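*Asks:* Structure file coords-v7.cif (mmCIF, C-alpha atoms) right here:
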data_coords
#
loop_
_atom_site.label_atom_id
_atom_site.label_comp_id
_atom_site.auth_asym_id
_atom_site.auth_seq_id
_atom_site.Cartn_x
_atom_site.Cartn_y
_atom_site.Cartn_z
CA MET J 1 25.53 200.93 -4.12
CA THR J 2 28.34 203.02 -5.58
CA THR J 3 27.36 205.93 -3.33
CA THR J 4 27.57 203.74 -0.23
CA ALA J 5 30.96 202.37 -1.25
CA THR J 6 32.23 205.88 -1.91
CA LYS J 7 30.99 207.12 1.46
CA ALA J 8 32.53 204.13 3.26
CA GLY J 9 35.84 204.70 1.45
CA SER J 10 35.73 208.40 2.29
CA ALA J 11 35.06 207.68 5.96
CA THR J 12 37.94 205.22 6.02
CA ASP J 13 40.23 207.76 4.34
CA GLU J 14 39.23 210.39 6.90
CA THR J 15 39.84 207.94 9.74
CA VAL J 16 43.30 207.00 8.48
CA GLN J 17 44.16 210.68 7.93
CA SER J 18 43.00 211.53 11.45
CA ILE J 19 45.03 208.70 12.98
CA TYR J 20 48.09 209.75 10.95
CA VAL J 21 47.89 213.41 11.98
CA THR J 22 47.40 212.43 15.63
CA ALA J 23 50.46 210.17 15.42
CA LEU J 24 52.48 213.00 13.85
CA ARG J 25 51.46 215.32 16.71
CA ASN J 26 52.29 212.70 19.34
CA THR J 27 55.70 212.01 17.82
CA HIS J 28 56.41 215.74 17.55
CA ALA J 29 55.72 216.13 21.27
CA LEU J 30 57.83 213.04 22.03
CA GLU J 31 60.78 214.40 20.07
CA LYS J 32 60.56 217.77 21.84
CA GLN J 33 60.67 215.94 25.17
CA ALA J 34 63.61 213.83 23.98
CA ALA J 35 65.54 216.95 22.92
CA GLN J 36 65.17 218.43 26.40
CA MET J 37 66.19 215.18 28.07
CA ILE J 38 69.26 214.85 25.86
CA GLN J 39 70.33 218.45 26.53
CA ARG J 40 70.16 217.89 30.31
CA GLN J 41 72.29 214.77 30.00
CA ILE J 42 74.91 216.44 27.80
CA GLU J 43 75.36 219.07 30.49
CA ARG J 44 75.98 216.44 33.20
CA TYR J 45 78.23 213.68 31.81
CA GLU J 46 81.84 214.83 32.03
CA HIS J 47 83.17 211.29 32.78
CA TYR J 48 81.41 209.66 29.83
CA PRO J 49 82.78 211.35 26.68
CA GLU J 50 81.69 208.67 24.19
CA LEU J 51 78.13 208.77 25.49
CA THR J 52 78.18 212.58 25.49
CA GLN J 53 79.42 212.61 21.89
CA ALA J 54 76.60 210.29 20.79
CA LEU J 55 74.08 212.44 22.68
CA ARG J 56 75.37 215.64 21.02
CA LEU J 57 75.01 214.14 17.56
CA HIS J 58 71.54 212.85 18.34
CA LYS J 59 70.48 216.17 19.88
CA SER J 60 71.13 217.77 16.49
CA GLU J 61 69.22 214.98 14.74
CA THR J 62 66.35 215.28 17.21
CA ASP J 63 66.09 219.02 16.62
CA GLN J 64 65.90 218.30 12.89
CA GLN J 65 63.24 215.64 13.51
CA VAL J 66 61.13 218.16 15.43
CA THR J 67 61.35 220.52 12.47
CA ARG J 68 60.56 217.76 9.96
CA LEU J 69 57.50 216.68 11.93
CA ALA J 70 56.29 220.27 12.25
CA ASP J 71 56.74 220.67 8.49
CA LEU J 72 54.77 217.48 7.81
CA LEU J 73 51.98 218.65 10.10
CA HIS J 74 51.92 222.04 8.41
CA GLY J 75 51.86 220.34 4.99
CA HIS J 76 48.67 218.58 6.03
CA GLY J 77 47.09 221.82 7.21
CA GLU J 78 47.67 220.93 10.85
CA ASP J 79 49.75 222.28 13.68
CA ARG J 80 51.44 220.67 16.63
CA SER J 81 49.52 220.31 19.85
CA LEU J 82 50.76 222.85 22.37
CA MET J 83 49.01 220.96 25.16
CA LYS J 84 50.73 217.67 24.25
CA ASP J 85 54.06 219.48 23.97
CA MET J 86 53.61 220.97 27.45
CA VAL J 87 52.48 217.71 29.06
CA THR J 88 55.26 215.57 27.57
CA GLN J 89 57.91 218.16 28.41
CA THR J 90 56.64 218.36 31.99
CA VAL J 91 56.73 214.57 32.31
CA GLY J 92 60.28 214.58 30.93
CA ASN J 93 61.36 217.22 33.43
CA VAL J 94 59.85 215.29 36.34
CA ALA J 95 61.58 212.08 35.22
CA ALA J 96 64.92 213.90 34.95
CA LEU J 97 64.45 215.36 38.44
CA VAL J 98 63.70 211.91 39.89
CA HIS J 99 66.78 210.39 38.21
CA SER J 100 69.04 213.26 39.32
CA VAL J 101 68.45 212.59 43.02
CA THR J 102 69.24 208.89 42.79
CA GLY J 103 72.74 207.55 43.26
CA ASP J 104 72.95 205.90 39.86
CA GLU J 105 71.55 208.65 37.63
CA VAL J 106 73.79 207.89 34.65
CA LEU J 107 72.72 204.24 34.61
CA LYS J 108 69.02 205.02 34.91
CA ASN J 109 69.30 207.62 32.16
CA LEU J 110 71.13 205.11 29.97
CA TYR J 111 68.26 202.62 30.39
CA THR J 112 65.75 205.39 29.71
CA ASP J 113 67.67 206.53 26.62
CA TYR J 114 67.63 203.02 25.18
CA SER J 115 63.92 202.65 25.96
CA VAL J 116 63.11 206.00 24.36
CA GLU J 117 65.09 205.13 21.24
CA THR J 118 63.24 201.83 20.79
CA TYR J 119 59.93 203.60 21.42
CA GLU J 120 60.81 206.15 18.74
CA ILE J 121 61.76 203.35 16.33
CA ALA J 122 58.30 201.88 16.86
CA ALA J 123 56.66 205.30 16.45
CA TYR J 124 58.42 206.05 13.15
CA THR J 125 57.73 202.53 11.85
CA SER J 126 54.05 203.07 12.62
CA LEU J 127 54.11 206.58 11.08
CA ILE J 128 55.56 205.18 7.85
CA THR J 129 52.77 202.60 7.71
CA LEU J 130 50.15 205.26 8.43
CA ALA J 131 51.59 207.59 5.77
CA GLU J 132 51.39 204.78 3.23
CA GLU J 133 47.84 203.87 4.31
CA ALA J 134 46.77 207.52 4.11
CA GLY J 135 48.26 207.88 0.63
CA HIS J 136 51.03 210.29 1.69
CA ALA J 137 53.93 208.60 -0.09
CA ARG J 138 55.81 211.92 -0.18
CA ASP J 139 56.09 211.82 3.64
CA VAL J 140 57.68 208.36 3.76
CA ALA J 141 61.24 209.40 2.83
CA THR J 142 61.24 212.05 5.56
CA LEU J 143 59.97 209.57 8.12
CA ARG J 144 62.46 206.90 7.02
CA LEU J 145 65.32 209.36 7.56
CA SER J 146 64.18 209.89 11.15
CA LEU J 147 63.74 206.12 11.61
CA GLN J 148 67.33 205.52 10.46
CA GLU J 149 68.60 208.16 12.89
CA GLU J 150 66.71 206.52 15.76
CA GLU J 151 68.02 203.07 14.83
CA ARG J 152 71.57 204.43 14.72
CA MET J 153 71.17 206.09 18.13
CA ALA J 154 69.60 202.99 19.69
CA GLU J 155 72.67 201.02 18.60
CA ALA J 156 75.01 203.75 19.90
CA VAL J 157 73.29 203.76 23.30
CA PHE J 158 73.30 199.96 23.42
CA GLN J 159 77.06 199.97 22.73
CA GLN J 160 77.56 202.32 25.72
CA ILE J 161 75.79 200.14 28.30
CA VAL J 162 78.83 198.02 29.18
CA PRO J 163 81.51 200.75 29.18
CA VAL J 164 79.35 203.25 31.08
CA THR J 165 78.38 200.60 33.63
CA LYS J 166 82.01 199.59 34.14
CA GLY J 167 83.10 203.22 34.36
CA TYR J 168 80.38 203.95 36.88
CA VAL J 169 81.39 201.00 39.07
CA ALA J 170 85.10 201.94 38.90
CA ARG J 171 84.39 205.55 39.93
CA GLU J 172 82.12 204.47 42.76
CA ALA J 173 84.79 201.99 43.99
CA ARG J 174 87.32 204.85 44.08
CA GLY J 175 84.85 207.02 46.02
CA GLU J 176 84.42 209.48 43.16
CA LYS J 177 81.22 211.17 42.01
CA ALA J 178 80.32 208.59 39.35
CA ASP J 179 77.28 210.22 37.76
CA ARG J 180 79.14 213.10 36.16
#
What is this structure when it is put down as structure tokens?
*Replies:*
Amino acid sequence: MTTTATKAGSATDETVQSIYVTALRNTHALEKQAAQMIQRQIERYEHYPELTQALRLHKSETDQQVTRLADLLHGHGEDRSLMKDMVTQTVGNVAALVHSVTGDEVLKNLYTDYSVETYEIAAYTSLITLAEEAGHARDVATLRLSLQEEERMAEAVFQQIVPVTKGYVAREARGEKADR
């Protein structure tokens, strides 16, 4: 009976560990995609300095998050998934291309940014739970730091929705190129 309980516990531990590592890989790929998306936006938004400033700060945070996630993966004897990195970066590039040919690129990117930030908040919240379930308490502080950065950026993006929308409308009404 003890042997069965030990085997069941071991299988559960392995399952939780596997789920945790997969989630770390997925979030690593997501953050790499986000970093590319942010960089493209920074290069394009000359009329939206507050949004650009928030994006610059978060680009630096995102780069640090990528490194933190890679370090966590390495600490668990794992590596990031090159295939997932390539797929998510390709999807991000396609999405950016689609938005860039529409007339309201800055607005669509703003909606996407807010969606990505809330997605990342959910991902880090889940990662913290998985780290705790897998017995990796040492990872929690690192993941909480990233969660706080994502929460801060989600609020910053949310605060830009009204001013960017109004600025976009005003530029369009004057016949200016509003997306830059």
*Asks:* Identify which of the residues J:His74, J:His47, J:Lys59, J:Arg171 lies closest to Glu150 (chain J), counting all atoms listed in the file when measuring atom-to-atom distances.
*Replies:* J:Lys59
*Asks:* Could you state which residues are captured by the PyMOL selection byres ((chain J and resi 111) around 12) in this file, as an MDAnalysis selection string?
*Replies:* chainID J and resid 99 104:110 112:118 154 157:162 164:165
*Asks:* Taking the file as I've supplied it (selection: the PyMOL selection byres ((chain J and resi 122) around 12)), which residues are included? Please answer as a list of chain:residue names.
*Replies:* J:Ala23, J:Thr27, J:Ser115, J:Val116, J:Glu117, J:Thr118, J:Tyr119, J:Glu120, J:Ile121, J:Ala123, J:Tyr124, J:Thr125, J:Ser126, J:Leu127, J:Ile128, J:Thr129, J:Leu143, J:Arg144, J:Ser146, J:Leu147, J:Gln148, J:Glu150, J:Glu151, J:Ala154
*Asks:* Please save C-alpha atoms of the selected residues as a compact mmCIF listing (two decimals), keeping the file's coordinate frame.
*Replies:*
# COMPACT_ATOMS: atom_id res chain seq x y z
CA ALA J 23 50.46 210.17 15.42
CA THR J 27 55.70 212.01 17.82
CA SER J 115 63.92 202.65 25.96
CA VAL J 116 63.11 206.00 24.36
CA GLU J 117 65.09 205.13 21.24
CA THR J 118 63.24 201.83 20.79
CA TYR J 119 59.93 203.60 21.42
CA GLU J 120 60.81 206.15 18.74
CA ILE J 121 61.76 203.35 16.33
CA ALA J 123 56.66 205.30 16.45
CA TYR J 124 58.42 206.05 13.15
CA THR J 125 57.73 202.53 11.85
CA SER J 126 54.05 203.07 12.62
CA LEU J 127 54.11 206.58 11.08
CA ILE J 128 55.56 205.18 7.85
CA THR J 129 52.77 202.60 7.71
CA LEU J 143 59.97 209.57 8.12
CA ARG J 144 62.46 206.90 7.02
CA SER J 146 64.18 209.89 11.15
CA LEU J 147 63.74 206.12 11.61
CA GLN J 148 67.33 205.52 10.46
CA GLU J 150 66.71 206.52 15.76
CA GLU J 151 68.02 203.07 14.83
CA ALA J 154 69.60 202.99 19.69
*Asks:* Hey, what comes out of the PyMOL selection byres ((chain J and resi 53-56) around 9) on this file? Could you write it as a count of residues only?
*Replies:* 17
*Asks:* Give me, please, the distance in Å between CA of Tyr45 (chain J) and CA of Lys177 (chain J), quoted to one decimal.
*Replies:*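 Between CA of Tyr45 (chain J) and CA of Lys177 (chain J) the gap works out to 10.9 Å.
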*Asks:* Quick one: pull the distance between CA of Ala131 (chain J) and CA of Arg25 (chain J), Å, one decimal.
*Replies:* 13.4 Å
*Asks:* Which one is closest to Asp13 (chain J): J:Glu155, J:Glu133, J:Glu176, J:Asp139? Count all atoms listed in the file.
*Replies:* J:Glu133
*Asks:* Rounded to one decimal place, report the CA of Ala29 (chain J)-CA of Glu46 (chain J) distance in Å.
*Replies:*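 Going from CA of Ala29 (chain J) over to CA of Glu46 (chain J) covers 28.3 Å.
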*Asks:* Hey, which of J:Thr62, J:His76, J:Leu24, J:Ala70 ends up closest to Met37 (chain J)? Count only C-alpha atoms.
*Replies:*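 Closest candidate: J:Thr62.
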*Asks:* Looking at only C-alpha atoms, which of J:Gly103, J:Ala34, J:Arg138, J:Ala173 is the one that sits closest to Gly75 (chain J)?
*Replies:*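 So, comparing all the options, the nearest one is J:Arg138.
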*Asks:* Could you check the closest approach to Tyr20 (chain J) for each of J:Asp63, J:Glu43, J:Glu132, J:Glu172 and tell me which residue wins, using only C-alpha atoms?
*Replies:*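 Among J:Asp63, J:Glu43, J:Glu132, J:Glu172, it is J:Glu132 that comes nearest to Tyr20 (chain J).
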